[in-house]
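Input: a single structure, listed below in structure tokens.
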There are 2 protein chains.
Amino acid sequence: MTGTRGYHHGDLRRALLAAAVEAIEESGVTALSLRDLARRAGVSHAAPAHHFGDKAGLLTALAVEGFDLLAARLHGAGGDLLEAGVAYVDFAVGHRAHFEVMFRPELYRVHDAEVRAARERAGAALNSGVAALPARPGADPGQDALAAWSIVHGFATLWLSGALPERVGGDPREAARVVIRRLFW
Amino acid sequence: MTGTRGYHHGDLRRALLAAAVEAIEESGVTALSLRDLARRAGVSHAAPAHHFGDKAGLLTALAVEGFDLLAARLHGAGGDLLEAGVAYVDFAVGHRAHFEVMFRPELYRVHDAEVRAARERAGAALNSGVAALPARPGADPGQDALAAWSIVHGFATLWLSGALPERVGGDPREAARVVIRRLFW
């Protein structure tokens, strides 16, 4: 079955999400509208509403995609918390639009079942890295996970905002590794 | 000397900054305009432009005020890095508008001399906390400061975004203290 301009249904949805990422990276999420999105993707102005309902629906789909991508990257670290932390930073730097939307819950439907499931998959990957840490005095899986999340989220956010001093260097993965290593190693 | 509606010059400037904070907390920084600000503060529409030139000038003044407030809070921790970290989180939670603007350098003149000076005062307070840490193997003041900044910035950002799980509890200072303590203590 093909939709507007011969896109297969799933392809059009993906094309619209890709166009949304491009638009957010160029002009920010506030400026984004379903109408502009249709123009940008070269489809009928009704196509985005058909797929996502409204702007919050579009951003919910983007958040799901973002948490899924993040979960895949974290699971790719194979249970190594240091590598998972580096992967978190690398994801944030490589997917600015997703990362921004994911952590602005006022923009989308945070209680959507797909969002919750994707967010839980990402959280589970982080928790498995914490569970694999060598035993140490004062270990507490919940607090350790929160500390790990905080340090990688903070590093990524500061990197993206351009706030870090020049001495930090140009490679976010390497810089993040040195910083994260100070937490548990 | 009195200006619009009898404000003393410095008072009007402060009133405009306070009105900007209120406007950002209500409607976000994108929606803010100098004209709305004048209406909100009950002054002539020319007053904000007279004081700040343009929106970037207003946000530069807000960033200076924010970094000054932050520096004062960090210095108030008396060289104790854990307390400085808690103060950082408390500042972010209590001054959302300042905190948002400070870390969105595309919104203001980051190379402004006053911004740089205020940012350096805040950085110096963090560095003095790092310098006072007990000696430990692998210590590196620059990397330790970056790790401390990352963990408190990340915790504050996640707290503000509402992303943290409910089990973290309702008091950001207490929750931050437990998390930060995992870094060097």
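The way I read the labels, and the way they are meant: chains A, B, ... in the order of the structure tokens, residue 1 as the first residue of every chain, and ligand 1 as the first ligand shown, with later ones counted on from there.
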Counting only C-alpha atoms, which residues from chain B have an atom at most 6 Å from any atom of chain A, and could you show them as an NGL selection string?
:B and (147 or 150-151 or 153-155 or 179 or 183)
Pull all heavy atoms from the residues just selected and write them as an mmCIF file, in the first residue's frame.
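Now in part-v6.cif:
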data_model
loop_
_atom_site.group_PDB
_atom_site.id
_atom_site.type_symbol
_atom_site.label_atom_id
_atom_site.label_comp_id
_atom_site.auth_asym_id
_atom_site.auth_seq_id
_atom_site.Cartn_x
_atom_site.Cartn_y
_atom_site.Cartn_z
ATOM 1 N N ALA B 147 34.431 16.815 36.333
ATOM 2 C CA ALA B 147 33.552 15.735 36.800
ATOM 3 C C ALA B 147 32.528 16.278 37.799
ATOM 4 O O ALA B 147 31.340 15.937 37.737
ATOM 5 C CB ALA B 147 34.384 14.613 37.424
ATOM 6 N N SER B 150 29.986 18.343 35.956
ATOM 7 C CA SER B 150 29.089 17.483 35.175
ATOM 8 C C SER B 150 28.038 16.843 36.059
ATOM 9 O O SER B 150 26.850 16.823 35.717
ATOM 10 C CB SER B 150 29.892 16.388 34.453
ATOM 11 O OG SER B 150 30.735 16.947 33.472
ATOM 12 N N ILE B 151 28.448 16.297 37.208
ATOM 13 C CA ILE B 151 27.465 15.562 38.014
ATOM 14 C C ILE B 151 26.413 16.508 38.592
ATOM 15 O O ILE B 151 25.218 16.183 38.605
ATOM 16 C CB ILE B 151 28.159 14.688 39.093
ATOM 17 C CG1 ILE B 151 27.233 13.523 39.504
ATOM 18 C CG2 ILE B 151 28.585 15.481 40.306
ATOM 19 C CD1 ILE B 151 27.930 12.433 40.311
ATOM 20 N N HIS B 153 25.567 19.536 37.363
ATOM 21 C CA HIS B 153 24.791 20.104 36.257
ATOM 22 C C HIS B 153 23.786 19.069 35.732
ATOM 23 O O HIS B 153 22.628 19.398 35.457
ATOM 24 C CB HIS B 153 25.730 20.570 35.142
ATOM 25 C CG HIS B 153 25.045 21.423 34.125
ATOM 26 N ND1 HIS B 153 24.799 22.764 34.315
ATOM 27 C CD2 HIS B 153 24.510 21.121 32.916
ATOM 28 C CE1 HIS B 153 24.161 23.251 33.262
ATOM 29 N NE2 HIS B 153 23.969 22.267 32.394
ATOM 30 N N GLY B 154 24.241 17.830 35.611
ATOM 31 C CA GLY B 154 23.349 16.775 35.135
ATOM 32 C C GLY B 154 22.211 16.532 36.103
ATOM 33 O O GLY B 154 21.046 16.437 35.701
ATOM 34 N N PHE B 155 22.536 16.445 37.385
ATOM 35 C CA PHE B 155 21.475 16.207 38.369
ATOM 36 C C PHE B 155 20.449 17.343 38.321
ATOM 37 O O PHE B 155 19.237 17.107 38.289
ATOM 38 C CB PHE B 155 22.044 16.056 39.789
ATOM 39 C CG PHE B 155 20.978 15.715 40.780
ATOM 40 C CD1 PHE B 155 20.621 14.400 41.012
ATOM 41 C CD2 PHE B 155 20.283 16.720 41.451
ATOM 42 C CE1 PHE B 155 19.593 14.079 41.896
ATOM 43 C CE2 PHE B 155 19.257 16.411 42.330
ATOM 44 C CZ PHE B 155 18.906 15.091 42.549
ATOM 45 N N VAL B 179 23.873 11.817 45.751
ATOM 46 C CA VAL B 179 24.467 11.532 44.436
ATOM 47 C C VAL B 179 25.888 12.083 44.351
ATOM 48 O O VAL B 179 26.817 11.381 43.920
ATOM 49 C CB VAL B 179 23.574 12.130 43.324
ATOM 50 C CG1 VAL B 179 24.326 12.232 42.009
ATOM 51 C CG2 VAL B 179 22.325 11.282 43.171
ATOM 52 N N LEU B 183 30.913 10.767 44.170
ATOM 53 C CA LEU B 183 31.996 11.129 43.241
ATOM 54 C C LEU B 183 33.374 11.043 43.882
ATOM 55 O O LEU B 183 34.266 10.388 43.348
ATOM 56 C CB LEU B 183 31.740 12.530 42.671
ATOM 57 C CG LEU B 183 32.697 13.004 41.577
ATOM 58 C CD1 LEU B 183 32.780 12.001 40.429
ATOM 59 C CD2 LEU B 183 32.254 14.353 41.035
#
If you count only C-alpha atoms, which residues fall within 12 Å of Ala47 (chain A), apart from same-chain ones fewer than 2 positions away, as a list of chain:residue names?
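Counting only C-alpha atoms, the residues come to A:Gly3, A:Thr4, A:Arg5, A:Tyr7, A:His9, A:Leu12, A:Arg13, A:Ala15, A:Leu16, A:Leu17, A:Leu34, A:Arg35, A:Asp36, A:Leu37, A:Ala38, A:Arg39, A:Arg40, A:Ala41, A:Gly42, A:Val43, A:Ser44, A:His45, A:Ala49, A:His50, A:His51, A:Phe52, A:Gly53, A:Asp54, A:Leu58.
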Compare A:Ala72, A:Ala77, A:Val86, A:Ala61 by their minimum atom-to-atom distance to Glu174 (chain A), counting only C-alpha atoms, and give me the closest one.
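Selected residue with least distance to Glu174 (chain A): A:Val86.
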Apply DSSP to the backbone of this structure and, from region 56-152 of chain A, keep only the residues in alpha helix (DSSP H); write these as a PyMOL selection string.
chain A and resi 56-75+81-94+96-102+113-131+141-152
Write out, as a compact mmCIF listing (two decimals), in the first residue's frame, the residues just selected, with C-alpha atoms.
# COMPACT_ATOMS: atom_id res chain seq x y z
CA ALA A 56 2.77 16.74 20.57
CA GLY A 57 2.08 13.45 18.76
CA LEU A 58 4.99 14.06 16.40
CA LEU A 59 7.32 14.89 19.30
CA THR A 60 6.09 11.81 21.20
CA ALA A 61 7.11 9.68 18.20
CA LEU A 62 10.47 11.48 18.13
CA ALA A 63 10.98 10.82 21.85
CA VAL A 64 10.18 7.11 21.36
CA GLU A 65 12.67 6.95 18.49
CA GLY A 66 15.25 8.75 20.64
CA PHE A 67 14.88 6.48 23.68
CA ASP A 68 15.00 3.43 21.37
CA LEU A 69 18.20 4.68 19.72
CA LEU A 70 19.69 5.46 23.12
CA ALA A 71 18.71 2.04 24.52
CA ALA A 72 20.34 0.33 21.53
CA ARG A 73 23.54 2.34 22.05
CA LEU A 74 23.63 1.62 25.79
CA HIS A 75 22.97 -2.10 25.25
CA LEU A 81 29.09 1.10 32.59
CA LEU A 82 32.03 3.23 31.47
CA GLU A 83 31.40 2.38 27.82
CA ALA A 84 27.65 2.90 28.30
CA GLY A 85 28.41 6.38 29.66
CA VAL A 86 30.57 7.21 26.66
CA ALA A 87 27.80 5.89 24.39
CA TYR A 88 25.27 8.14 26.16
CA VAL A 89 27.39 11.21 25.46
CA ASP A 90 28.02 10.10 21.89
CA PHE A 91 24.28 9.63 21.35
CA ALA A 92 23.50 13.10 22.74
CA VAL A 93 26.12 14.80 20.56
CA GLY A 94 25.08 12.87 17.45
CA ARG A 96 20.84 16.74 19.34
CA ALA A 97 17.23 17.07 18.25
CA HIS A 98 16.16 13.75 19.77
CA PHE A 99 18.11 14.47 22.95
CA GLU A 100 16.55 17.89 23.36
CA VAL A 101 13.00 16.62 22.87
CA MET A 102 13.47 13.55 25.12
CA ALA A 113 2.96 3.57 26.61
CA GLU A 114 5.59 3.46 23.85
CA VAL A 115 7.58 6.30 25.44
CA ARG A 116 7.51 4.54 28.80
CA ALA A 117 8.62 1.23 27.29
CA ALA A 118 11.48 2.82 25.33
CA ARG A 119 12.59 4.84 28.36
CA GLU A 120 12.56 1.67 30.47
CA ARG A 121 14.74 -0.16 27.93
CA ALA A 122 17.28 2.66 28.15
CA GLY A 123 17.11 2.62 31.96
CA ALA A 124 17.56 -1.16 32.06
CA ALA A 125 20.78 -0.89 30.04
CA LEU A 126 22.16 1.66 32.49
CA ASN A 127 21.12 -0.49 35.46
CA SER A 128 22.81 -3.57 34.03
CA GLY A 129 26.04 -1.57 33.78
CA VAL A 130 25.69 -0.57 37.44
CA ALA A 131 24.99 -4.18 38.46
CA PRO A 141 22.41 0.29 42.76
CA GLY A 142 19.70 2.97 42.64
CA GLN A 143 21.94 5.80 43.84
CA ASP A 144 24.87 4.58 41.73
CA ALA A 145 22.68 4.59 38.61
CA LEU A 146 21.46 8.10 39.43
CA ALA A 147 25.04 9.32 39.88
CA ALA A 148 26.11 7.71 36.59
CA TRP A 149 23.12 9.18 34.75
CA SER A 150 23.78 12.62 36.26
CA ILE A 151 27.46 12.73 35.30
CA VAL A 152 26.90 11.65 31.69
Among listed residues A:Val21, A:Leu107, A:Arg136, A:Pro172, nearest Lys55 (chain A) (using only C-alpha atoms)
A:Leu107
Between CA of Ala132 (chain B) and CA of Gly79 (chain B), what distance in Å does the model show, to one decimal?
6.6 Å
